[in-house]
Structure formats: C-alpha cells, structure tokens
file query_27.txt (compact mmCIF, C-alpha atoms and all ligand atoms)
# COMPACT_ATOMS: atom_id res chain seq x y z
CA VAL J 1 24.17 253.58 191.68
CA GLY J 2 21.87 256.38 192.73
CA LYS J 3 22.21 258.47 195.83
CA LEU J 4 18.97 260.39 196.19
CA TYR J 5 15.58 258.76 196.72
CA LEU J 6 12.22 260.40 197.43
CA GLY J 7 9.29 259.10 199.48
CA LEU J 8 5.80 260.58 199.61
CA LEU J 9 4.19 259.37 202.82
CA HIS J 10 0.40 258.84 203.05
CA TYR J 11 0.43 257.18 206.47
CA PRO J 12 0.76 258.12 209.30
CA VAL J 13 -0.30 261.72 208.60
CA TYR J 14 -2.64 264.18 210.33
CA ASN J 15 -5.94 265.41 208.96
CA LYS J 16 -7.42 268.84 209.60
CA ASN J 17 -8.62 267.77 213.07
CA LYS J 18 -5.20 266.42 214.10
CA GLU J 19 -6.42 262.83 213.79
CA ILE J 20 -4.03 260.20 212.42
CA ILE J 21 -5.16 259.00 209.01
CA THR J 22 -4.08 257.53 205.68
CA SER J 23 -4.39 260.29 203.08
CA ALA J 24 -5.54 259.65 199.52
CA ILE J 25 -2.96 259.54 196.74
CA THR J 26 -3.51 262.33 194.25
CA ASN J 27 -2.93 262.15 190.52
CA PHE J 28 -0.96 265.43 190.59
CA ASP J 29 1.48 264.02 193.11
CA ILE J 30 2.20 261.03 190.89
CA HIS J 31 2.96 262.97 187.71
CA ASP J 32 4.38 266.27 188.95
CA ILE J 33 6.75 264.73 191.49
CA SER J 34 7.83 262.02 189.01
CA ARG J 35 8.76 264.67 186.45
CA ALA J 36 10.67 266.81 188.93
CA SER J 37 12.43 263.70 190.24
CA LYS J 38 13.42 262.56 186.77
CA THR J 39 14.66 266.05 185.87
CA PHE J 40 16.94 266.26 188.90
CA GLY J 41 18.35 262.73 188.85
CA VAL J 42 16.37 261.15 191.69
CA ASP J 43 17.02 257.42 191.55
CA LYS J 44 13.58 256.24 192.68
CA TYR J 45 10.38 257.95 193.83
CA PHE J 46 8.33 255.87 196.27
CA ILE J 47 4.66 256.63 196.84
CA ILE J 48 4.06 255.11 200.27
CA THR J 49 0.61 253.88 201.33
CA PRO J 50 -0.68 250.81 203.16
CA GLU J 51 -4.12 251.20 201.56
CA ASN J 52 -4.77 248.37 199.08
CA GLY J 53 -7.63 250.04 197.20
CA GLN J 54 -5.53 253.14 196.57
CA LYS J 55 -2.58 251.04 195.55
CA SER J 56 -4.48 249.16 192.88
CA VAL J 57 -6.15 252.27 191.39
CA MET J 58 -2.88 254.19 191.31
CA GLY J 59 -0.96 251.16 190.08
CA LYS J 60 -3.38 251.06 187.13
CA ILE J 61 -2.81 254.75 186.39
CA ILE J 62 0.97 254.30 186.39
CA GLU J 63 0.61 251.21 184.19
CA HIS J 64 -1.62 253.09 181.76
CA TRP J 65 1.07 255.74 181.23
CA GLN J 66 3.87 253.19 181.11
CA LYS J 67 2.44 250.32 179.11
CA GLY J 68 -1.05 251.21 177.90
CA PHE J 69 -2.26 253.77 175.37
CA GLY J 70 -0.64 256.54 177.42
CA ALA J 71 2.85 255.16 176.81
CA THR J 72 2.69 256.02 173.11
CA TYR J 73 0.45 259.07 173.58
CA ASN J 74 2.86 260.89 175.94
CA LYS J 75 6.42 259.52 175.99
CA ASP J 76 7.75 262.16 178.38
CA ARG J 77 5.24 261.10 180.97
CA LYS J 78 6.21 257.44 180.49
CA THR J 79 9.90 258.27 180.94
CA ALA J 80 9.24 260.18 184.16
CA LEU J 81 7.21 257.32 185.61
CA ASP J 82 10.06 254.81 185.07
CA ILE J 83 11.41 255.76 188.49
CA THR J 84 8.03 255.74 190.31
CA SER J 85 6.53 252.92 192.36
CA ILE J 86 3.92 252.41 195.04
CA VAL J 87 5.08 250.63 198.19
CA ASN J 88 3.35 249.55 201.41
CA SER J 89 5.58 251.15 203.98
CA LEU J 90 8.65 253.25 204.64
CA ASP J 91 10.47 250.03 205.53
CA ASP J 92 9.69 248.60 202.08
CA ALA J 93 11.24 251.71 200.50
CA ILE J 94 14.30 251.38 202.75
CA ASP J 95 14.65 247.67 201.85
CA THR J 96 14.55 248.47 198.13
CA ILE J 97 17.34 251.03 198.57
CA ILE J 98 19.43 248.52 200.55
CA LYS J 99 18.92 245.99 197.75
CA ASP J 100 19.91 248.55 195.10
CA THR J 101 22.93 250.05 196.83
CA GLY J 102 24.00 247.63 199.57
CA LYS J 103 23.72 250.55 202.02
CA LYS J 104 21.15 251.78 204.53
CA PRO J 105 19.79 255.17 203.51
CA ILE J 106 19.94 258.26 205.70
CA VAL J 107 16.20 258.86 206.19
CA THR J 108 15.54 262.60 206.32
CA ALA J 109 12.18 264.30 206.68
CA THR J 110 11.08 267.63 205.27
CA SER J 111 8.78 270.04 207.04
CA ALA J 112 7.74 273.67 207.03
CA LYS J 113 8.71 273.77 210.73
CA LYS J 114 11.97 273.11 212.54
CA ASP J 115 11.90 270.47 215.28
CA GLU J 116 14.47 270.43 218.08
CA ASN J 117 14.15 266.64 218.44
CA TYR J 118 15.91 266.01 215.14
CA SER J 119 19.32 266.90 213.87
CA LEU J 120 19.01 269.51 211.17
CA TYR J 121 20.76 269.21 207.83
CA THR J 122 21.33 272.41 205.97
CA ILE J 123 20.98 272.44 202.19
CA ASP J 124 24.77 272.89 201.90
CA LYS J 125 25.44 269.88 204.11
CA MET J 126 22.98 267.76 202.13
CA ARG J 127 24.57 268.84 198.83
CA THR J 128 27.97 267.77 200.16
CA LEU J 129 26.63 264.36 201.20
CA LEU J 130 25.05 263.90 197.78
CA GLU J 131 28.25 264.81 195.96
CA ASP J 132 30.34 262.30 197.93
CA LYS J 133 30.14 258.88 196.30
CA ASN J 134 31.21 257.13 199.51
CA GLU J 135 28.38 258.55 201.61
CA ASP J 136 25.22 256.55 202.25
CA PRO J 137 22.22 257.13 199.99
CA ILE J 138 19.62 259.65 201.13
CA LEU J 139 15.89 259.02 201.34
CA LEU J 140 14.05 262.33 201.53
CA ILE J 141 10.54 262.03 202.94
CA PHE J 142 7.67 264.38 202.15
CA GLY J 143 4.33 264.52 203.94
CA THR J 144 0.73 264.68 202.74
CA GLY J 145 -2.53 265.67 204.44
CA TYR J 146 -1.71 268.07 207.29
CA GLY J 147 1.80 266.72 207.79
CA MET J 148 3.58 263.61 209.00
CA VAL J 149 3.10 262.10 212.46
CA MET J 150 6.80 262.26 213.25
CA LYS J 151 6.53 260.53 216.64
CA ASP J 152 5.21 257.39 214.94
CA ILE J 153 7.97 257.23 212.31
CA PRO J 154 11.09 256.12 214.23
CA GLN J 155 13.02 255.53 211.00
CA ILE J 156 13.32 259.31 210.59
CA LYS J 157 16.39 260.66 212.37
CA ASN J 158 17.07 263.94 210.58
CA LEU J 159 15.31 266.96 209.19
CA LEU J 160 16.28 269.02 206.18
CA GLU J 161 16.13 272.76 206.86
CA PRO J 162 12.71 274.18 205.94
CA ILE J 163 12.26 276.32 202.85
CA TYR J 164 11.63 279.98 203.65
CA GLY J 165 10.62 282.83 201.39
CA VAL J 166 10.30 286.47 202.33
CA GLY J 167 8.15 286.27 205.46
CA ASP J 168 6.89 283.89 208.14
CA TYR J 169 4.39 282.11 205.91
CA ASN J 170 5.97 279.05 204.27
CA HIS J 171 3.23 276.42 203.84
CA LEU J 172 3.96 275.13 200.36
CA SER J 173 2.17 272.41 198.46
CA VAL J 174 4.17 269.23 198.56
CA ARG J 175 4.80 269.50 194.82
CA SER J 176 6.30 273.00 195.17
CA ALA J 177 8.41 271.91 198.14
CA VAL J 178 9.80 268.94 196.17
CA SER J 179 10.75 271.12 193.20
CA ILE J 180 12.41 273.84 195.27
CA TYR J 181 14.43 271.33 197.28
CA LEU J 182 15.48 269.38 194.20
CA TYR J 183 16.62 272.53 192.45
CA SER J 184 18.63 273.66 195.46
CA LEU J 185 20.15 270.21 196.08
CA MET J 186 20.76 269.02 192.53
CA GLY J 187 20.36 272.07 190.26
CA LYS J 188 23.36 273.26 188.27
N1 LIG J 201 -2.51 268.67 200.69
C1 LIG J 201 -1.23 269.28 200.58
C2 LIG J 201 -0.74 269.38 199.14
O1 LIG J 201 -1.51 269.14 198.22
O2 LIG J 201 0.41 269.68 198.94
C3 LIG J 201 -0.26 268.45 201.36
C4 LIG J 201 0.46 269.29 202.36
S1 LIG J 201 1.81 268.39 203.00
C5 LIG J 201 1.66 268.65 204.73
C6 LIG J 201 3.10 269.41 202.48
C7 LIG J 201 4.49 268.74 202.60
O3 LIG J 201 5.38 269.50 201.77
C8 LIG J 201 5.07 268.75 203.98
O4 LIG J 201 4.77 267.57 204.70
C9 LIG J 201 6.57 268.85 203.68
O5 LIG J 201 7.08 267.58 203.31
C10 LIG J 201 6.60 269.74 202.47
N2 LIG J 201 6.68 271.19 202.76
C11 LIG J 201 5.68 272.13 202.63
N3 LIG J 201 6.16 273.36 202.92
C12 LIG J 201 7.46 273.20 203.23
C13 LIG J 201 8.52 274.12 203.59
N4 LIG J 201 8.32 275.43 203.71
N5 LIG J 201 9.74 273.62 203.85
C14 LIG J 201 9.96 272.30 203.73
N6 LIG J 201 9.03 271.38 203.38
C15 LIG J 201 7.79 271.83 203.12

call {"tool": "encode", "arguments": {"input": "query_27.txt", "output": "structure tokens"}}
result
Amino acid sequence: VGKLYLGLLHYPVYNKNKEIITSAITNFDIHDISRASKTFGVDKYFIITPENGQKSVMGKIIEHWQKGFGATYNKDRKTALDITSIVNSLDDAIDTIIKDTGKKPIVTATSAKKDENYSLYTIDKMRTLLEDKNEDPILLIFGTGYGMVMKDIPQIKNLLEPIYGVGDYNHLSVRSAVSIYLYSLMGK
C-alpha cells in the first residue's frame, strides 16, 4: 500500500489578474510529473480538473500512450503513466486514496511562500511520516496558473516548507518543484 500521492490542481487557481479560474492542463505536466512520480515511488498522480472538455482531450492523450500506438512506441512513457489519472475534484482524489488504503490522507499543499494560517511541515518531518508505515498516507498538492486559491480549499490543513535556493527568488515551475521535493523526500 502506497503512502505518497500527488495532486496537480487546476481549480481553484488564480490567473495573472488575481481572478479565480480553471487553468488548462498542459502536456508537459502530464508526462514530466508522471515520470518523476514513477521514479520516486509515488503511488498515484492525480490531475485535478472539473473541466469536461479538458478531461476528455487529456484522457485521450493518456490513453494513446498507454493503449494506442504510443504504448509500443515508447514503453517508458507508458510505464510512467500507469500511476496517472484525471479526476474531477480534490475530494475524488481523497476518496480514491481512502478506497486504496482505508485511511484518510494528510492533505498538504506546496507553495513558494509560507503562510501563517497553516501548520508547516519541514522536509525532515515529512520524510519521517513517509517512512512510518503506521502513519496516514500523504497527498501533496501542487498548484497551476498563478497559484492555488487556498481559502477555497478547506481540505488543505498543512503546508510543506517552501523550496529555497541561494536568494529570495524561488518561483519554480511546477515540474521543477515536484522533482526537487520528490528527491528530497524520497531520494536515496
Ligand atoms: N504556469 C506555471 C508552470 O508552468 O509551472 C505554474 C506555476 S504554479 C503557481 C507553480 C507551483 O509549483 C506552485 O503552486 C507550487 O505548488 C509549486 N512551487 C513553485 N515554486 C515553489 C517553491 N519555491 N517551493 C515550493 N513549491 C513551489
């Protein structure tokens, strides 16, 4: 039974003008985050969007690489996508984890900024939780667009400490952020 799950949230997120929107799924985010997830033992990667049009286009892309011509053309890509699915909402992702594990996940957001309203997990603390088989599973949520609308996502109770480099600037692409976190949480 897996312990670490990833969610990429496309709603509710901000756009450039601080309006609340549903962002578009990008092809990069499907493949790059699936590969990183597979490499570091993530149990399932949920792409979360309520948008039906997006879901069917992206569902077709995943199917192409899993079952269509792509499955024989690039087997590594097929393997990585085994853990990837598109779901309607954060609650659907949580329900799937409860079905898989019998436990409610600890839903933890990631952000380039700290937020006093949430309890902050350090990387070390998160590693300890992940190593303990008796602890609840963890669902790590990543944002898209200009970041998640935290006030409208009551399921999120915790934040993982932001990634910092050498200076104040730390606005990473979501794909970079996923890889750096996974390496620090699960890397050997
Ligand atoms: N359009 C952008 C892209 O293509 O990546 C989406 C930006 S989205 C707001 C970036 C997400 O990556 C954030 O919501 C957060 O989950 C994560 N992230 C970025 N920089 C981070 C940092 N320094 N520490 C922690 N998480 C970070």

call {"tool": "residues_around", "arguments": {"input": "query_27.txt", "residues": "range 108-115 of chain J", "least_positions_apart": "2", "cutoff": "12 Å", "atoms": "all atoms listed in the file", "output": "PDB file with C-alpha atoms, in the frame of the given file"}}
result
ATOM      1  CA  LEU J   4      18.970 260.390 196.190  1.00  0.00           C
ATOM      2  CA  TYR J   5      15.580 258.760 196.720  1.00  0.00           C
ATOM      3  CA  LEU J   6      12.220 260.400 197.430  1.00  0.00           C
ATOM      4  CA  GLY J   7       9.290 259.100 199.480  1.00  0.00           C
ATOM      5  CA  LEU J   8       5.800 260.580 199.610  1.00  0.00           C
ATOM      6  CA  LEU J   9       4.190 259.370 202.820  1.00  0.00           C
ATOM      7  CA  LEU J  90       8.650 253.250 204.640  1.00  0.00           C
ATOM      8  CA  ILE J  94      14.300 251.380 202.750  1.00  0.00           C
ATOM      9  CA  PRO J 105      19.790 255.170 203.510  1.00  0.00           C
ATOM     10  CA  ILE J 106      19.940 258.260 205.700  1.00  0.00           C
ATOM     11  CA  ASN J 117      14.150 266.640 218.440  1.00  0.00           C
ATOM     12  CA  TYR J 118      15.910 266.010 215.140  1.00  0.00           C
ATOM     13  CA  SER J 119      19.320 266.900 213.870  1.00  0.00           C
ATOM     14  CA  LEU J 120      19.010 269.510 211.170  1.00  0.00           C
ATOM     15  CA  TYR J 121      20.760 269.210 207.830  1.00  0.00           C
ATOM     16  CA  THR J 122      21.330 272.410 205.970  1.00  0.00           C
ATOM     17  CA  ILE J 123      20.980 272.440 202.190  1.00  0.00           C
ATOM     18  CA  MET J 126      22.980 267.760 202.130  1.00  0.00           C
ATOM     19  CA  PRO J 137      22.220 257.130 199.990  1.00  0.00           C
ATOM     20  CA  ILE J 138      19.620 259.650 201.130  1.00  0.00           C
ATOM     21  CA  LEU J 139      15.890 259.020 201.340  1.00  0.00           C
ATOM     22  CA  LEU J 140      14.050 262.330 201.530  1.00  0.00           C
ATOM     23  CA  ILE J 141      10.540 262.030 202.940  1.00  0.00           C
ATOM     24  CA  PHE J 142       7.670 264.380 202.150  1.00  0.00           C
ATOM     25  CA  GLY J 143       4.330 264.520 203.940  1.00  0.00           C
ATOM     26  CA  THR J 144       0.730 264.680 202.740  1.00  0.00           C
ATOM     27  CA  TYR J 146      -1.710 268.070 207.290  1.00  0.00           C
ATOM     28  CA  GLY J 147       1.800 266.720 207.790  1.00  0.00           C
ATOM     29  CA  MET J 148       3.580 263.610 209.000  1.00  0.00           C
ATOM     30  CA  VAL J 149       3.100 262.100 212.460  1.00  0.00           C
ATOM     31  CA  MET J 150       6.800 262.260 213.250  1.00  0.00           C
ATOM     32  CA  LYS J 151       6.530 260.530 216.640  1.00  0.00           C
ATOM     33  CA  ILE J 153       7.970 257.230 212.310  1.00  0.00           C
ATOM     34  CA  PRO J 154      11.090 256.120 214.230  1.00  0.00           C
ATOM     35  CA  GLN J 155      13.020 255.530 211.000  1.00  0.00           C
ATOM     36  CA  ILE J 156      13.320 259.310 210.590  1.00  0.00           C
ATOM     37  CA  LYS J 157      16.390 260.660 212.370  1.00  0.00           C
ATOM     38  CA  ASN J 158      17.070 263.940 210.580  1.00  0.00           C
ATOM     39  CA  LEU J 159      15.310 266.960 209.190  1.00  0.00           C
ATOM     40  CA  LEU J 160      16.280 269.020 206.180  1.00  0.00           C
ATOM     41  CA  GLU J 161      16.130 272.760 206.860  1.00  0.00           C
ATOM     42  CA  PRO J 162      12.710 274.180 205.940  1.00  0.00           C
ATOM     43  CA  ILE J 163      12.260 276.320 202.850  1.00  0.00           C
ATOM     44  CA  TYR J 164      11.630 279.980 203.650  1.00  0.00           C
ATOM     45  CA  GLY J 165      10.620 282.830 201.390  1.00  0.00           C
ATOM     46  CA  ASP J 168       6.890 283.890 208.140  1.00  0.00           C
ATOM     47  CA  TYR J 169       4.390 282.110 205.910  1.00  0.00           C
ATOM     48  CA  ASN J 170       5.970 279.050 204.270  1.00  0.00           C
ATOM     49  CA  HIS J 171       3.230 276.420 203.840  1.00  0.00           C
ATOM     50  CA  LEU J 172       3.960 275.130 200.360  1.00  0.00           C
ATOM     51  CA  SER J 173       2.170 272.410 198.460  1.00  0.00           C
ATOM     52  CA  VAL J 174       4.170 269.230 198.560  1.00  0.00           C
ATOM     53  CA  SER J 176       6.300 273.000 195.170  1.00  0.00           C
ATOM     54  CA  ALA J 177       8.410 271.910 198.140  1.00  0.00           C
ATOM     55  CA  VAL J 178       9.800 268.940 196.170  1.00  0.00           C
ATOM     56  CA  ILE J 180      12.410 273.840 195.270  1.00  0.00           C
ATOM     57  CA  TYR J 181      14.430 271.330 197.280  1.00  0.00           C
TER      58      TYR J 181
END

call {"tool": "atom_distance", "arguments": {"input": "query_27.txt", "atom1": "CA of Asn27 in chain J", "atom2": "atom O3 of ligand LIG 201 (chain J)"}}
result
15.8 Å

call {"tool": "closest_residue", "arguments": {"input": "query_27.txt", "among": "J:Phe69, J:Tyr183, J:Phe28, J:Tyr45", "to": "ligand LIG 201 (chain J)", "atoms": "only C-alpha atoms and all ligand atoms"}}
result
J:Phe28

call {"tool": "closest_residue", "arguments": {"input": "query_27.txt", "among": "J:Lys3, J:Asn88, J:Leu182, J:Asp100", "to": "Asn52 in chain J", "atoms": "all atoms listed in the file"}}
result
J:Asn88

call {"tool": "closest_residue", "arguments": {"input": "query_27.txt", "among": "J:Leu81, J:Ala36, J:Met186, J:Ala93", "to": "Leu130 in chain J", "atoms": "only C-alpha atoms"}}
result
J:Met186

call {"tool": "decode", "arguments": {"input": "query_27.txt", "residues": "range 65-80 of chain J", "atoms": "all heavy atoms", "output": "CSV table (one decimal), in the first residue's frame"}}
result
chain,number,residue,atom,x,y,z
J,65,TRP,N,-0.8,6.9,-25.1
J,65,TRP,CA,0.5,6.5,-24.6
J,65,TRP,C,0.4,5.2,-23.8
J,65,TRP,O,1.4,4.5,-23.6
J,65,TRP,CB,1.2,7.5,-23.8
J,65,TRP,CG,1.6,8.7,-24.6
J,65,TRP,CD1,1.0,9.9,-24.7
J,65,TRP,CD2,2.6,8.7,-25.6
J,65,TRP,NE1,1.6,10.7,-25.6
J,65,TRP,CE2,2.6,10.0,-26.2
J,65,TRP,CE3,3.6,7.8,-26.0
J,65,TRP,CZ2,3.5,10.4,-27.2
J,65,TRP,CZ3,4.5,8.1,-27.0
J,65,TRP,CH2,4.4,9.4,-27.6
J,66,GLN,N,-0.9,4.8,-23.3
J,66,GLN,CA,-1.0,3.6,-22.6
J,66,GLN,C,-1.5,2.4,-23.4
J,66,GLN,O,-1.0,1.3,-23.2
J,66,GLN,CB,-2.0,3.8,-21.4
J,66,GLN,CG,-1.4,4.6,-20.3
J,66,GLN,CD,-2.1,4.4,-19.0
J,66,GLN,OE1,-3.2,4.8,-18.9
J,66,GLN,NE2,-1.4,3.7,-18.1
J,67,LYS,N,-2.4,2.7,-24.4
J,67,LYS,CA,-3.0,1.6,-25.1
J,67,LYS,C,-2.8,1.7,-26.6
J,67,LYS,O,-2.9,0.7,-27.3
J,67,LYS,CB,-4.5,1.6,-24.8
J,67,LYS,CG,-4.8,1.4,-23.3
J,67,LYS,CD,-6.3,0.9,-23.1
J,67,LYS,CE,-6.6,0.9,-21.7
J,67,LYS,NZ,-7.6,2.0,-21.3
J,68,GLY,N,-2.7,2.9,-27.1
J,68,GLY,CA,-2.6,3.1,-28.5
J,68,GLY,C,-1.2,2.9,-29.1
J,68,GLY,O,-0.4,2.2,-28.4
J,69,PHE,N,-0.9,3.5,-30.2
J,69,PHE,CA,0.4,3.3,-30.9
J,69,PHE,C,1.5,3.7,-29.9
J,69,PHE,O,2.6,3.0,-29.9
J,69,PHE,CB,0.4,4.2,-32.1
J,69,PHE,CG,1.8,4.3,-32.7
J,69,PHE,CD1,2.4,3.3,-33.4
J,69,PHE,CD2,2.5,5.5,-32.6
J,69,PHE,CE1,3.6,3.4,-33.9
J,69,PHE,CE2,3.8,5.6,-33.2
J,69,PHE,CZ,4.3,4.6,-33.8
J,70,GLY,N,1.3,4.7,-29.1
J,70,GLY,CA,2.3,5.2,-28.2
J,70,GLY,C,2.8,4.1,-27.2
J,70,GLY,O,4.0,4.2,-26.8
J,71,ALA,N,1.9,3.2,-26.9
J,71,ALA,CA,2.3,2.2,-25.8
J,71,ALA,C,3.4,1.3,-26.3
J,71,ALA,O,4.3,0.9,-25.5
J,71,ALA,CB,1.1,1.4,-25.5
J,72,THR,N,3.5,1.0,-27.6
J,72,THR,CA,4.6,0.2,-28.1
J,72,THR,C,5.7,1.1,-28.6
J,72,THR,O,6.9,0.7,-28.5
J,72,THR,CB,4.1,-0.7,-29.3
J,72,THR,OG1,3.3,0.1,-30.2
J,72,THR,CG2,3.3,-1.9,-28.8
J,73,TYR,N,5.4,2.3,-29.0
J,73,TYR,CA,6.4,3.2,-29.5
J,73,TYR,C,7.4,3.7,-28.3
J,73,TYR,O,8.6,3.7,-28.5
J,73,TYR,CB,5.8,4.5,-30.1
J,73,TYR,CG,6.7,5.5,-30.6
J,73,TYR,CD1,7.4,5.2,-31.8
J,73,TYR,CD2,7.0,6.7,-29.9
J,73,TYR,CE1,8.3,6.2,-32.3
J,73,TYR,CE2,7.9,7.6,-30.4
J,73,TYR,CZ,8.5,7.3,-31.6
J,73,TYR,OH,9.4,8.2,-32.1
J,74,ASN,N,6.8,4.0,-27.2
J,74,ASN,CA,7.6,4.4,-26.0
J,74,ASN,C,7.2,3.8,-24.7
J,74,ASN,O,6.3,4.3,-24.0
J,74,ASN,CB,7.6,6.0,-25.9
J,74,ASN,CG,8.6,6.5,-24.9
J,74,ASN,OD1,9.0,5.8,-24.0
J,74,ASN,ND2,8.9,7.8,-25.1
J,75,LYS,N,7.8,2.7,-24.4
J,75,LYS,CA,7.3,1.9,-23.2
J,75,LYS,C,7.6,2.6,-21.9
J,75,LYS,O,6.8,2.4,-20.9
J,75,LYS,CB,8.0,0.5,-23.2
J,75,LYS,CG,7.6,-0.4,-24.3
J,75,LYS,CD,7.6,-1.9,-23.8
J,75,LYS,CE,6.9,-2.8,-24.8
J,75,LYS,NZ,7.6,-2.9,-26.1
J,76,ASP,N,8.7,3.4,-21.8
J,76,ASP,CA,8.9,4.1,-20.6
J,76,ASP,C,7.8,5.1,-20.3
J,76,ASP,O,7.5,5.3,-19.1
J,76,ASP,CB,10.3,4.8,-20.7
J,76,ASP,CG,11.4,3.9,-20.7
J,76,ASP,OD1,11.3,2.7,-20.4
J,76,ASP,OD2,12.5,4.3,-21.2
J,77,ARG,N,7.3,5.7,-21.3
J,77,ARG,CA,6.3,6.7,-21.1
J,77,ARG,C,5.0,6.0,-20.6
J,77,ARG,O,4.3,6.4,-19.7
J,77,ARG,CB,6.0,7.4,-22.4
J,77,ARG,CG,5.3,8.6,-22.3
J,77,ARG,CD,5.3,9.4,-23.6
J,77,ARG,NE,6.3,10.5,-23.5
J,77,ARG,CZ,6.3,11.5,-24.4
J,77,ARG,NH1,5.4,11.6,-25.3
J,77,ARG,NH2,7.3,12.4,-24.3
J,78,LYS,N,4.7,4.8,-21.2
J,78,LYS,CA,3.6,4.0,-20.8
J,78,LYS,C,3.6,3.6,-19.3
J,78,LYS,O,2.7,3.8,-18.6
J,78,LYS,CB,3.5,2.7,-21.7
J,78,LYS,CG,2.4,1.8,-21.2
J,78,LYS,CD,2.5,0.5,-22.1
J,78,LYS,CE,1.6,-0.6,-21.7
J,78,LYS,NZ,1.1,-0.8,-20.4
J,79,THR,N,4.8,3.2,-19.0
J,79,THR,CA,5.0,2.7,-17.6
J,79,THR,C,4.8,3.9,-16.6
J,79,THR,O,4.1,3.7,-15.6
J,79,THR,CB,6.5,2.2,-17.4
J,79,THR,OG1,6.7,1.2,-18.3
J,79,THR,CG2,6.7,1.7,-16.0
J,80,ALA,N,5.3,5.1,-16.9
J,80,ALA,CA,5.1,6.2,-16.1
J,80,ALA,C,3.7,6.6,-15.9
J,80,ALA,O,3.2,7.0,-14.8
J,80,ALA,CB,5.9,7.4,-16.6
